[in-house]
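One structure is given here, and the rest of the page talks about it.
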Amino acid sequence: MTQWIVLYRKEMTEMARNYKILWIPIVFILLGVMQPVSSYYMPEILDTFGSLPEGTILEMPTPTGAEVLMTVLSNYGMLGVLILVLSAMGVVSAERQSGVAGMVMMKPVPYSSYILSKWAGLLTITLISLFIGYIASWYYTSLLIETVAFERIFQSVVIYSIWLVFVVTLTLFFSTIMKGNGSIAFVTIFVVFTISTVTSILGKYMKWSPATMTEHTGKVLLSGELDSSFLPAFITTIAIIIVVLILSIQIFKQRELLE
């Protein structure tokens, strides 16, 4: 346990040195704040920059607070996921190529401690960024549009965080089995996009899919309730995360032993 804590502190120190602990939350805050602000001022923006004929009257319905927050999470699902993958793609592969991983494992250090400290570091920056950005979005949505019950905000961000934990775990896995950062990012984004697309197309048969976490998030925001398909999806997602972590540890161990 002591070794794991030391490695985890090392991860957080590295994130502080390369400013990930600063710029990733800032990006999430900007993505979160832009949506309620742009939704509120959209008629003025179109009137100023839209080159509309003189005398044109715009009557745009203002979205509800829940709809705005759903759009925020949709942005996190695209740009947010891209940022997280790009920031985490070299978490293991970069240290293997630079020789840092080899020096760490000479201590000796349990392979599980090494991988799980990486995973915990990624989860820390991911969840901090998500919660800060989402709370900022909720604040501006309440200020400009309408207030959404905090209970729904809390439930939705917890459910959505499960999806981001899944994405980060996949990134760690591919960083363990692959070398090139570009290929790691490409494969991770491709797999995430494929899972989301297949789930969307075959929704009737994919209620267990991790990608349905985003749908359940929207249902909580709109109605404050979850349907019966949430539990199977939750259990499946947690099980996949655990299996992927175990595979990451075993693959990393075998590679280190071979080398």
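Ordering of the structure tokens sets the chain letters (A, B, ...), residue numbers begin anew at 1 in every chain, and ligands are numbered from 1 in the order given.
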Give me the residues within 10 Å of Tyr111 of chain A as number ranges by chain, counting only C-alpha atoms and dropping any in the same chain fewer than 3 places off.
A: 105, 108, 114-117, 248-254, 256
Env of His216 of chain A: 9 Å cut, atoms = only C-alpha atoms, seq-sep filter 2 positions within chain, self excluded. Answer as a VMD selection string.
chain A and resid 156 159 to 160 212 to 214 218 to 221 225 to 227 229 to 230
Export, as a JSON list (two decimals), in the first residue's frame, the selected residues with all heavy atoms.
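Listing of result-v2.json after writing:
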[["chain", "number", "residue", "atom", "x", "y", "z"],
["A", 156, "SER", "N", -26.84, 12.91, -12.11],
["A", 156, "SER", "CA", -26.41, 12.86, -13.52],
["A", 156, "SER", "C", -24.89, 12.87, -13.65],
["A", 156, "SER", "O", -24.33, 12.14, -14.48],
["A", 156, "SER", "CB", -27.01, 14.04, -14.29],
["A", 156, "SER", "OG", -26.56, 15.28, -13.77],
["A", 159, "ILE", "N", -23.51, 9.40, -12.69],
["A", 159, "ILE", "CA", -23.75, 8.41, -13.74],
["A", 159, "ILE", "C", -22.83, 8.66, -14.93],
["A", 159, "ILE", "O", -22.22, 7.73, -15.47],
["A", 159, "ILE", "CB", -25.22, 8.45, -14.19],
["A", 159, "ILE", "CG1", -26.12, 7.99, -13.04],
["A", 159, "ILE", "CG2", -25.44, 7.56, -15.41],
["A", 159, "ILE", "CD1", -27.60, 8.19, -13.31],
["A", 160, "TYR", "N", -22.69, 9.93, -15.31],
["A", 160, "TYR", "CA", -21.85, 10.23, -16.47],
["A", 160, "TYR", "C", -20.37, 9.95, -16.18],
["A", 160, "TYR", "O", -19.62, 9.58, -17.08],
["A", 160, "TYR", "CB", -22.02, 11.70, -16.88],
["A", 160, "TYR", "CG", -21.43, 11.99, -18.24],
["A", 160, "TYR", "CD1", -22.15, 11.66, -19.39],
["A", 160, "TYR", "CD2", -20.17, 12.56, -18.39],
["A", 160, "TYR", "CE1", -21.62, 11.90, -20.65],
["A", 160, "TYR", "CE2", -19.64, 12.80, -19.64],
["A", 160, "TYR", "CZ", -20.38, 12.47, -20.76],
["A", 160, "TYR", "OH", -19.84, 12.69, -22.01],
["A", 212, "THR", "N", -24.69, 3.37, -22.77],
["A", 212, "THR", "CA", -26.02, 3.79, -22.34],
["A", 212, "THR", "C", -25.97, 4.66, -21.09],
["A", 212, "THR", "O", -26.99, 5.25, -20.71],
["A", 212, "THR", "CB", -26.93, 2.57, -22.06],
["A", 212, "THR", "OG1", -26.33, 1.77, -21.03],
["A", 212, "THR", "CG2", -27.13, 1.73, -23.30],
["A", 213, "MET", "N", -24.81, 4.77, -20.46],
["A", 213, "MET", "CA", -24.67, 5.66, -19.31],
["A", 213, "MET", "C", -25.02, 7.10, -19.69],
["A", 213, "MET", "O", -25.59, 7.84, -18.88],
["A", 213, "MET", "CB", -23.24, 5.61, -18.76],
["A", 213, "MET", "CG", -22.86, 4.34, -18.04],
["A", 213, "MET", "SD", -23.78, 4.11, -16.49],
["A", 213, "MET", "CE", -24.67, 2.61, -16.88],
["A", 214, "THR", "N", -24.69, 7.49, -20.92],
["A", 214, "THR", "CA", -25.02, 8.85, -21.36],
["A", 214, "THR", "C", -26.53, 9.03, -21.49],
["A", 214, "THR", "O", -27.06, 10.10, -21.19],
["A", 214, "THR", "CB", -24.33, 9.15, -22.70],
["A", 214, "THR", "OG1", -24.74, 8.17, -23.69],
["A", 214, "THR", "CG2", -22.81, 9.06, -22.57],
["A", 218, "GLY", "N", -29.20, 11.61, -19.30],
["A", 218, "GLY", "CA", -30.24, 12.49, -19.83],
["A", 218, "GLY", "C", -31.58, 12.24, -19.19],
["A", 218, "GLY", "O", -32.33, 13.18, -18.90],
["A", 219, "LYS", "N", -31.90, 10.97, -18.94],
["A", 219, "LYS", "CA", -33.19, 10.65, -18.32],
["A", 219, "LYS", "C", -33.27, 11.22, -16.90],
["A", 219, "LYS", "O", -34.32, 11.70, -16.48],
["A", 219, "LYS", "CB", -33.37, 9.13, -18.30],
["A", 219, "LYS", "CG", -33.59, 8.52, -19.67],
["A", 219, "LYS", "CD", -33.70, 7.00, -19.60],
["A", 219, "LYS", "CE", -33.88, 6.40, -20.99],
["A", 219, "LYS", "NZ", -33.95, 4.92, -20.96],
["A", 220, "VAL", "N", -32.17, 11.14, -16.17],
["A", 220, "VAL", "CA", -32.16, 11.69, -14.81],
["A", 220, "VAL", "C", -32.34, 13.20, -14.85],
["A", 220, "VAL", "O", -33.08, 13.77, -14.03],
["A", 220, "VAL", "CB", -30.84, 11.32, -14.10],
["A", 220, "VAL", "CG1", -30.65, 12.15, -12.84],
["A", 220, "VAL", "CG2", -30.84, 9.85, -13.74],
["A", 221, "LEU", "N", -31.69, 13.87, -15.79],
["A", 221, "LEU", "CA", -31.81, 15.32, -15.88],
["A", 221, "LEU", "C", -33.24, 15.74, -16.23],
["A", 221, "LEU", "O", -33.76, 16.72, -15.69],
["A", 221, "LEU", "CB", -30.84, 15.86, -16.94],
["A", 221, "LEU", "CG", -29.39, 16.03, -16.51],
["A", 221, "LEU", "CD1", -28.52, 16.40, -17.71],
["A", 221, "LEU", "CD2", -29.27, 17.10, -15.43],
["A", 225, "GLU", "N", -35.63, 10.29, -12.85],
["A", 225, "GLU", "CA", -35.83, 8.88, -12.59],
["A", 225, "GLU", "C", -34.96, 8.03, -13.51],
["A", 225, "GLU", "O", -34.55, 8.47, -14.59],
["A", 225, "GLU", "CB", -37.30, 8.49, -12.79],
["A", 225, "GLU", "CG", -38.26, 9.21, -11.84],
["A", 225, "GLU", "CD", -39.69, 8.83, -12.08],
["A", 225, "GLU", "OE1", -39.93, 8.06, -13.05],
["A", 225, "GLU", "OE2", -40.58, 9.27, -11.33],
["A", 226, "LEU", "N", -34.68, 6.81, -13.09],
["A", 226, "LEU", "CA", -33.94, 5.84, -13.88],
["A", 226, "LEU", "C", -34.85, 4.65, -14.20],
["A", 226, "LEU", "O", -35.66, 4.24, -13.37],
["A", 226, "LEU", "CB", -32.71, 5.34, -13.11],
["A", 226, "LEU", "CG", -31.56, 6.34, -12.94],
["A", 226, "LEU", "CD1", -30.54, 5.79, -11.95],
["A", 226, "LEU", "CD2", -30.90, 6.64, -14.27],
["A", 227, "ASP", "N", -34.70, 4.10, -15.42],
["A", 227, "ASP", "CA", -35.50, 2.93, -15.74],
["A", 227, "ASP", "C", -34.77, 1.65, -15.33],
["A", 227, "ASP", "O", -33.64, 1.68, -14.85],
["A", 227, "ASP", "CB", -35.88, 2.91, -17.23],
["A", 227, "ASP", "CG", -34.65, 2.93, -18.13],
["A", 227, "ASP", "OD1", -33.63, 2.33, -17.75],
["A", 227, "ASP", "OD2", -34.71, 3.53, -19.21],
["A", 229, "SER", "N", -33.32, -0.62, -16.95],
["A", 229, "SER", "CA", -32.13, -1.04, -17.70],
["A", 229, "SER", "C", -30.84, -0.44, -17.15],
["A", 229, "SER", "O", -29.75, -0.81, -17.59],
["A", 229, "SER", "CB", -32.28, -0.65, -19.18],
["A", 229, "SER", "OG", -32.35, 0.76, -19.32],
["A", 230, "PHE", "N", -30.96, 0.48, -16.19],
["A", 230, "PHE", "CA", -29.75, 1.10, -15.66],
["A", 230, "PHE", "C", -28.87, 0.11, -14.91],
["A", 230, "PHE", "O", -27.65, 0.09, -15.09],
["A", 230, "PHE", "CB", -30.10, 2.27, -14.73],
["A", 230, "PHE", "CG", -28.92, 2.80, -13.98],
["A", 230, "PHE", "CD1", -27.96, 3.58, -14.61],
["A", 230, "PHE", "CD2", -28.74, 2.50, -12.62],
["A", 230, "PHE", "CE1", -26.85, 4.06, -13.92],
["A", 230, "PHE", "CE2", -27.64, 2.99, -11.92],
["A", 230, "PHE", "CZ", -26.69, 3.77, -12.57]]
Enumerate as a list of chain:residue names all residues of segment 212-242 of chain A assigned to alpha helix (DSSP H) by DSSP on the backbone, naming them with the chain letters and numbers the document uses.
A:Thr212, A:Met213, A:Thr214, A:Glu215, A:His216, A:Thr217, A:Gly218, A:Lys219, A:Val220, A:Leu221, A:Leu222, A:Ser223, A:Phe230, A:Leu231, A:Pro232, A:Ala233, A:Phe234, A:Ile235, A:Thr236, A:Thr237, A:Ile238, A:Ala239, A:Ile240, A:Ile241, A:Ile242
At a cut-off of 10 Å, can you tabulate as JSON lines every residue of segment 142-184 of chain A near segment 126-135 of chain A together with its closest atom pair and the distance in Å to one decimal, using only C-alpha atoms and ordering rows by chain then number?
{"residue": "A:Phe150", "atom": "CA", "partner": "A:Ile135", "partner_atom": "CA", "distance": 9.7}
{"residue": "A:Ile153", "atom": "CA", "partner": "A:Ile135", "partner_atom": "CA", "distance": 8.3}
{"residue": "A:Phe154", "atom": "CA", "partner": "A:Phe131", "partner_atom": "CA", "distance": 9.2}
{"residue": "A:Ser156", "atom": "CA", "partner": "A:Tyr134", "partner_atom": "CA", "distance": 9.9}
{"residue": "A:Val157", "atom": "CA", "partner": "A:Phe131", "partner_atom": "CA", "distance": 7.1}
{"residue": "A:Val158", "atom": "CA", "partner": "A:Phe131", "partner_atom": "CA", "distance": 8.9}
{"residue": "A:Tyr160", "atom": "CA", "partner": "A:Leu130", "partner_atom": "CA", "distance": 9.1}
{"residue": "A:Ser161", "atom": "CA", "partner": "A:Leu127", "partner_atom": "CA", "distance": 6.8}
{"residue": "A:Ile162", "atom": "CA", "partner": "A:Leu127", "partner_atom": "CA", "distance": 9.6}
{"residue": "A:Leu164", "atom": "CA", "partner": "A:Thr126", "partner_atom": "CA", "distance": 7.5}
{"residue": "A:Val165", "atom": "CA", "partner": "A:Thr126", "partner_atom": "CA", "distance": 7.9}
{"residue": "A:Val168", "atom": "CA", "partner": "A:Thr126", "partner_atom": "CA", "distance": 8.1}
